[in-house]
Every structure is written in structure tokens, then in C-alpha cells.
Amino acid sequence: MTNAEKNRLKDKAFQVFGVFCTFIGLVILAIFLIDILIEGLARIDWDFITSLPSRRASRAGILTAWAGTLWILVLTSVIAFPLGIAAGVYLEEYSKKTRLANFLEVNIANLAGVPSIIYGLLGMEMFGRVMGLGGSILAGALTLSLLVLPIIIVTTREAIKAVPRSIRDASYALGASKWQTTWNQVLPASFGGILTGVILALSRAVGEAAPLIVIGALAYVPFVPTSPTDEFTVLPIQIFNWTSRPQADFLVNAAAAIIILLLITFILNGIAVYLRNKWQKRVKW
Amino acid sequence: MLSESVRFFSEVSIIDFLTDKQWTPLFAEKHFGILPLVAGTLLTTAVAIAVALPIGLTIAVYLNEYSPGRFRQTIKPLLEILASIPTVVYGFFALTVVTPFLQKLIPSLAGFNALSAGIVMGIMIIPMISSLSEDAISAVPRSLREAAYGMGSTRLQTAFGVMVPAASSGIVVSVILAISRAVGETMIVAIAAGQQPRLTLDPTVPIETITTYIVQVSLGDVPHGSLEYRTIFAAGITLFVFTFALNNLSFWIKKKYQEKYD
């Protein structure tokens, strides 16, 4: 075999290896999803969704868990979205390129890399102890807001950056103030991008368990929370709790709860992808 | 957080903290050596990177040099799914599927171990390495690739002789960010890696990571203000220092090398 033939053979071999690597992750994911579906699907019925947690696996349900998840989602949205979008708009449209702005920028990017459990410690000390919120829904939502703020700020800035200069210039030429330009032109034009980021941030918040465990969310909450100061649990914590029990019946429960959690995550991600494609197509400058 | 840690270090000397080989703050005989937790964290991270780096880099090279453009556009969002799955779900996967499977291959494998947690964590961070590395490789100017082909190189020789070295700073950044992600990962190791702090490099026995320890204490009822309570802040600070250093290193590399070709 000549050298050229050898090299071509290696080239082909790597191509096969490339296909293999590309699909191995997805194949493992598929095996896993099928495994979960086989184990958990039969367990899902109306009772499972509407029952309170119980010490007996066959009677336990996820009512308090998904109610808690819903509470957290709504409160986190209310707290994090206005703050994150406002910060993104400020950094992109208003702030001057000073050292402070540069410093803030680096720090926001840095915050996005901080492990979520650190946010939990921060939230427990700041919201739980200092503000006296304890392990309440509000403390959890505030903590998760801190966690997703960097994501929202970064995507907002990127969406705003994509709006061309000419749109702003045209608005200024008509005598609009900076605020009028931002509110009437830049924000509507970048709405799709911002919304995508916001939904991705939500889907991140839905799956978080670690920071909420640290602030003191409980695995066993025998009632549905009715106000932001109530104690709570969320789906990922319920799954964690059931997974770490030795009885096999609880693993079935965990698999069933995972199906529900994945459904929520995939729906949120699907919406984000759909919006991104839709706005990319419609907006052409 | 800092003030709680300061109070911790006023009771436990920092030298003990860094050099003691045992971590038993919840036992009667207390030792506060962070080393076993750091070792556990580094062990799971090393396994994860050993899984994710070869696969992720191969995917990046394959998508850039071999695959047709449309295939890349469909496969990238699919790979991103791997990163969007909640980590508690991966933990369940590691404990109920990967560990039993590995136990067939390695009979001595414990029920909780660093190996399966690390492998699953590696699968989770594949898209992180593959997509950042792919961006880095596709940022290499066309002319370099064409020069390599002009010399008669195969695609493989072009990829690993020219493109990967040229994109090395971006690839290193992606690996550092992946390491930082793996170091801070909590739920997978809390479920699948065990809760026994020990100073070992053996991935088949139960260990405990920094993050798992924080979860373990949070789940128990350790009274607020006690020394045990403060240990989680000391552990948290250690973790923060690790990830902060890694993230800043990646920034620095990005800044220093990004405009090489402009």
C-alpha cells in the first residue's frame, strides 16, 4: 500500500468514527428516554398528577411538586424579566463604554459561569436569613432570578445588537428621543430574540434542583402552596427524593415524574426554537 | 457568604483545612480537610472530560470538515438537547441505567461510584465542547484550509494538521468552560457518586464532591450558626474559587489569542 492510499484509508476511517461520535450521544439519549418511558409511563394517570405526596409509593402523587414548580416559574418570570431586559437595554443603548461598563460586562459573563449551588448558598444567606424569607417560594424565586438574570441580559443585548443602526437613525431623524427610539423601534424589532432568551431562561429554571435544596425547599410538603411565603417543593427535588430512596417502587414514581418534567422542558425549548425560526424569517433588514 | 466563611476559618485553621486528609465535620471526631472533597470533585470532572473531549472534538471536526452543511444544521440543535435536559434526570440515568450496566463489565463496581456519574456528566457536556470548538474551527480562515488541500492533504490531515492547531485557543477555552461546568455540577454526583468523602483516585468506589456535601448538609437539620453549618460556606467558597479561576483563565485566553488572524 502506498502512502497516499494509507492516508486515504485513515481519512475514511475517521469519517466513520465522526458519524459514530455524532450519534453516540443521541443514541444514549434515546435509550434513556425509552427506558424512562417503559418504566414510568404506566404510572402516569390522573391520580398521580392530582395526589399529594405519600409515604406509600403507590399512593404518592406530584400535585404539590408541579404546583410548586408553577409558582416558582411565575414568580421568577415576574422578578427576573423586567430586571434582565432593563439591564440589557441599559448596557446596550445607554451606558457609555467606560471602565465601569467594561467591568460590569466581564462580571455578568462571569456570573453565568458560577455553579448554581453557589447561588443557592447566596440565596439562603441573603433572602432566607437576612430578609427573613426562610425556605419560602419567594426566596426560591428570588434565588432562581439571580441565576437566570445573566442569561436574560446576554440574550437581550444580543437581540438589540442585531437591530441595524439605520432604524435608530431614522427614528432620531424624525425627532424621537432616545427613550422613544428604544421603546417604539428597537424593542419591538428585537422582541423575538428577547423572548427566545426569556423562554430558555425559564426552561433552565424549571430543571434546577440544587439551589432550591440549599435554600431549604423540602421534599415532603403535604399541602399545595397558596401564597409566596409558603414552604414548597418542585418537580426536580421530588425526583431527587424519590431517586435516592432504596425502594424500587419509588424509582417508578421518579421515572413518571421525569416524564412530566421533560415534557415541560421540551415544550419550553420547542417554543423557543419555533420563535427563533419565525422571527429570523420575518425580520429582514 | 464571605462573613460566614471568615467565621469558619476563625475556628478552623486554614492550614488544617488545606492539608488534613480527612473530612468528617458531621462525626464526633471532627476533621476539616477539604482535600477528600476536592479529590472527589476532580475525579468526577476528569472522567467527564475524558468522555466529552474526544467525542466533542471529533464531532466538531467531523461537522466542519466532512459533513454537508444541511446535516450540520439539523444535528446541532439535536445535540443541544443533551445540554437542556435537567441534571437531576441525568442523575437518575446514571444510577438506574449506567451503574447496573457497568457493574456487568466491572463486577467490583460499587452502587455509588465516580465512574458512572463522570461518564453521564461527560455526555451532558459533549454539546458544550462540540459547539464551542466547532465555532473556533469554522473561524479559521478558508485560505489555510485551501492551502492544505493544495499541498495534497487528505481531510484528516487538514483537520488535525492545520485546522485544529489553528483553532487551539478556542478549543482550549471550550474545554476550560466544560471543566468549570463539571466542577460545579451537583445533582448527578449527589445521586450517583455517593456521600463518602475519601482521598482516592479509584473511580469505582463511592466518593463525595464539594457540591454533594453542600446538598447533604442542606438536606439534614444542622442548626444555623453552628460550625457544621459554616462548613458548607467554606466548601462553597472553595468551589467558587475554582470556577472563578477557570472562567477568568478562559477569558484571558480568549482575549489574548482571538485576533490572531485579523
# chains A, B, ... in the order shown; residues from 1 in each chain; ligands from 1
>>> interface_residues(of="chain A", to="chain B", cutoff="6 Å", atoms="only C-alpha atoms", output="list in words")
Asp11, Gly18, Cys21, Thr22, Pro115, Gly207 and Val214 of chain A
>>> write_last_selection(atoms="N, CA and C atoms", output="tab-separated table (two decimals), in the first residue's frame")
chain	number	residue	atom	x	y	z
A	11	ASP	N	-8.37	8.55	6.43
A	11	ASP	CA	-9.38	9.59	6.24
A	11	ASP	C	-10.78	9.00	6.30
A	18	GLY	N	-16.34	9.74	13.01
A	18	GLY	CA	-17.05	11.01	13.19
A	18	GLY	C	-18.55	10.80	13.27
A	21	CYS	N	-19.37	9.20	16.61
A	21	CYS	CA	-19.35	10.13	17.74
A	21	CYS	C	-20.55	11.07	17.72
A	22	THR	N	-20.89	11.51	16.51
A	22	THR	CA	-22.00	12.45	16.41
A	22	THR	C	-23.29	11.83	16.94
A	115	PRO	N	-21.42	28.12	39.47
A	115	PRO	CA	-22.27	26.95	39.67
A	115	PRO	C	-23.57	27.32	40.39
A	207	GLY	N	-35.63	23.18	35.59
A	207	GLY	CA	-34.88	21.97	35.89
A	207	GLY	C	-33.96	22.07	37.09
A	214	VAL	N	-30.64	23.88	48.67
A	214	VAL	CA	-29.82	24.61	49.62
A	214	VAL	C	-30.63	25.67	50.38
>>> residues_around(residues="A:Ser51", least_positions_apart="2", cutoff="9 Å", atoms="only C-alpha atoms", output="number ranges by chain")
A: 46-49, 53-54, 59-64
>>> write_last_selection(atoms="N, CA and C atoms", output="PDB file, in the first residue's frame")
ATOM      1  N   TRP A  46     -54.413  10.188  36.144  1.00  0.00           N
ATOM      2  CA  TRP A  46     -54.949  11.408  36.733  1.00  0.00           C
ATOM      3  C   TRP A  46     -54.630  11.487  38.229  1.00  0.00           C
ATOM      4  N   ASP A  47     -54.689  10.327  38.905  1.00  0.00           N
ATOM      5  CA  ASP A  47     -54.422  10.303  40.342  1.00  0.00           C
ATOM      6  C   ASP A  47     -52.998  10.744  40.663  1.00  0.00           C
ATOM      7  N   PHE A  48     -52.058  10.310  39.793  1.00  0.00           N
ATOM      8  CA  PHE A  48     -50.653  10.640  40.017  1.00  0.00           C
ATOM      9  C   PHE A  48     -50.448  12.157  39.970  1.00  0.00           C
ATOM     10  N   ILE A  49     -51.162  12.791  39.058  1.00  0.00           N
ATOM     11  CA  ILE A  49     -50.995  14.237  38.886  1.00  0.00           C
ATOM     12  C   ILE A  49     -51.739  15.013  39.975  1.00  0.00           C
ATOM     13  N   PRO A  53     -48.112  14.021  48.064  1.00  0.00           N
ATOM     14  CA  PRO A  53     -47.074  13.016  48.296  1.00  0.00           C
ATOM     15  C   PRO A  53     -47.471  12.091  49.436  1.00  0.00           C
ATOM     16  N   SER A  54     -46.947  10.876  49.400  1.00  0.00           N
ATOM     17  CA  SER A  54     -47.311   9.910  50.428  1.00  0.00           C
ATOM     18  C   SER A  54     -46.116   9.037  50.737  1.00  0.00           C
ATOM     19  N   ARG A  59     -49.399   5.390  46.318  1.00  0.00           N
ATOM     20  CA  ARG A  59     -50.416   6.422  46.503  1.00  0.00           C
ATOM     21  C   ARG A  59     -49.853   7.829  46.353  1.00  0.00           C
ATOM     22  N   ALA A  60     -48.512   7.914  46.179  1.00  0.00           N
ATOM     23  CA  ALA A  60     -47.898   9.234  46.113  1.00  0.00           C
ATOM     24  C   ALA A  60     -48.168   9.893  44.763  1.00  0.00           C
ATOM     25  N   GLY A  61     -48.330  11.203  44.797  1.00  0.00           N
ATOM     26  CA  GLY A  61     -48.550  11.947  43.559  1.00  0.00           C
ATOM     27  C   GLY A  61     -47.646  13.157  43.496  1.00  0.00           C
ATOM     28  N   ILE A  62     -47.804  13.933  42.430  1.00  0.00           N
ATOM     29  CA  ILE A  62     -46.909  15.072  42.242  1.00  0.00           C
ATOM     30  C   ILE A  62     -47.641  16.402  42.284  1.00  0.00           C
ATOM     31  N   LEU A  63     -48.828  16.422  42.905  1.00  0.00           N
ATOM     32  CA  LEU A  63     -49.600  17.670  42.925  1.00  0.00           C
ATOM     33  C   LEU A  63     -48.801  18.828  43.518  1.00  0.00           C
ATOM     34  N   THR A  64     -48.237  18.620  44.718  1.00  0.00           N
ATOM     35  CA  THR A  64     -47.509  19.723  45.351  1.00  0.00           C
ATOM     36  C   THR A  64     -46.265  20.093  44.551  1.00  0.00           C
TER      37      THR A  64
END
>>> atom_distance(atom1="atom CA of A:Val186", atom2="atom CA of A:Ala162")
9.6 Å
>>> atom_distance(atom1="atom CA of B:Asn113", atom2="atom CA of B:Thr99")
8.1 Å
>>> select_by_dssp(residues="stretch 17-140 of chain B", states="alpha helix (DSSP H)", output="ChimeraX atom specification")
/B:17-19,35-61,69-84,87-93,99-105,114-138
>>> write_last_selection(atoms="C-alpha atoms", output="mmCIF file, in the first residue's frame")
data_model
loop_
_atom_site.group_PDB
_atom_site.id
_atom_site.type_symbol
_atom_site.label_atom_id
_atom_site.label_comp_id
_atom_site.auth_asym_id
_atom_site.auth_seq_id
_atom_site.Cartn_x
_atom_site.Cartn_y
_atom_site.Cartn_z
ATOM 1 C CA PHE B 17 -8.411 22.964 56.036
ATOM 2 C CA LEU B 18 -5.979 22.650 53.156
ATOM 3 C CA THR B 19 -3.800 19.804 54.383
ATOM 4 C CA LEU B 35 -8.744 17.561 50.195
ATOM 5 C CA PRO B 36 -11.040 14.498 50.002
ATOM 6 C CA LEU B 37 -13.883 16.634 48.653
ATOM 7 C CA VAL B 38 -11.573 18.328 46.153
ATOM 8 C CA ALA B 39 -10.229 14.923 45.104
ATOM 9 C CA GLY B 40 -13.778 13.633 44.582
ATOM 10 C CA THR B 41 -14.678 16.682 42.537
ATOM 11 C CA LEU B 42 -11.569 16.443 40.381
ATOM 12 C CA LEU B 43 -12.057 12.704 39.884
ATOM 13 C CA THR B 44 -15.608 13.009 38.509
ATOM 14 C CA THR B 45 -14.529 16.002 36.425
ATOM 15 C CA ALA B 46 -11.586 14.083 34.972
ATOM 16 C CA VAL B 47 -13.825 11.172 33.983
ATOM 17 C CA ALA B 48 -16.314 13.579 32.421
ATOM 18 C CA ILE B 49 -13.659 15.362 30.381
ATOM 19 C CA ALA B 50 -12.109 12.042 29.332
ATOM 20 C CA VAL B 51 -15.500 11.150 27.855
ATOM 21 C CA ALA B 52 -16.503 14.531 26.454
ATOM 22 C CA LEU B 53 -13.239 15.829 24.979
ATOM 23 C CA PRO B 54 -12.551 13.082 22.389
ATOM 24 C CA ILE B 55 -16.203 12.798 21.397
ATOM 25 C CA GLY B 56 -16.871 16.536 21.386
ATOM 26 C CA LEU B 57 -13.736 17.387 19.428
ATOM 27 C CA THR B 58 -14.380 14.621 16.898
ATOM 28 C CA ILE B 59 -17.917 15.927 16.391
ATOM 29 C CA ALA B 60 -16.589 19.456 15.877
ATOM 30 C CA VAL B 61 -14.007 18.294 13.323
ATOM 31 C CA GLY B 69 -23.969 21.870 5.544
ATOM 32 C CA ARG B 70 -27.566 20.771 5.905
ATOM 33 C CA PHE B 71 -26.622 17.824 8.069
ATOM 34 C CA ARG B 72 -24.807 20.231 10.383
ATOM 35 C CA GLN B 73 -27.842 22.472 10.647
ATOM 36 C CA THR B 74 -30.075 19.611 11.739
ATOM 37 C CA ILE B 75 -27.604 17.896 14.045
ATOM 38 C CA LYS B 76 -26.566 20.939 16.059
ATOM 39 C CA PRO B 77 -29.977 21.652 17.654
ATOM 40 C CA LEU B 78 -30.343 17.908 18.323
ATOM 41 C CA LEU B 79 -27.037 17.885 20.206
ATOM 42 C CA GLU B 80 -28.142 20.942 22.160
ATOM 43 C CA ILE B 81 -30.990 18.826 23.567
ATOM 44 C CA LEU B 82 -28.335 16.953 25.547
ATOM 45 C CA ALA B 83 -27.444 20.172 27.344
ATOM 46 C CA SER B 84 -31.034 21.218 28.021
ATOM 47 C CA THR B 87 -29.337 17.420 35.596
ATOM 48 C CA VAL B 88 -31.471 15.551 38.135
ATOM 49 C CA VAL B 89 -32.707 13.481 35.188
ATOM 50 C CA TYR B 90 -29.117 12.615 34.268
ATOM 51 C CA GLY B 91 -28.557 11.576 37.860
ATOM 52 C CA PHE B 92 -31.448 9.141 37.659
ATOM 53 C CA PHE B 93 -29.978 7.822 34.413
ATOM 54 C CA THR B 99 -24.242 1.837 37.001
ATOM 55 C CA PRO B 100 -26.038 -1.536 36.540
ATOM 56 C CA PHE B 101 -24.645 -1.742 33.014
ATOM 57 C CA LEU B 102 -21.086 -1.021 34.156
ATOM 58 C CA GLN B 103 -21.433 -3.496 37.003
ATOM 59 C CA LYS B 104 -21.768 -6.237 34.405
ATOM 60 C CA LEU B 105 -18.386 -5.183 32.959
ATOM 61 C CA ALA B 114 -17.414 8.312 40.453
ATOM 62 C CA LEU B 115 -17.202 6.418 37.173
ATOM 63 C CA SER B 116 -20.837 6.360 36.092
ATOM 64 C CA ALA B 117 -21.500 9.848 37.440
ATOM 65 C CA GLY B 118 -18.497 11.094 35.472
ATOM 66 C CA ILE B 119 -19.491 9.308 32.268
ATOM 67 C CA VAL B 120 -23.013 10.701 32.379
ATOM 68 C CA MET B 121 -21.672 14.158 33.170
ATOM 69 C CA GLY B 122 -19.396 13.770 30.143
ATOM 70 C CA ILE B 123 -22.394 13.042 27.917
ATOM 71 C CA MET B 124 -24.041 16.164 29.265
ATOM 72 C CA ILE B 125 -21.105 18.436 28.389
ATOM 73 C CA ILE B 126 -20.455 16.983 24.905
ATOM 74 C CA PRO B 127 -22.514 19.734 23.214
ATOM 75 C CA MET B 128 -20.621 22.388 25.149
ATOM 76 C CA ILE B 129 -17.256 21.226 23.814
ATOM 77 C CA SER B 130 -18.537 20.345 20.341
ATOM 78 C CA SER B 131 -20.347 23.595 19.612
ATOM 79 C CA LEU B 132 -17.700 25.952 21.027
ATOM 80 C CA SER B 133 -14.898 24.018 19.292
ATOM 81 C CA GLU B 134 -16.854 23.983 16.068
ATOM 82 C CA ASP B 135 -17.219 27.752 16.215
ATOM 83 C CA ALA B 136 -13.483 28.034 16.800
ATOM 84 C CA ILE B 137 -12.623 25.760 13.875
ATOM 85 C CA SER B 138 -15.001 27.473 11.469
#
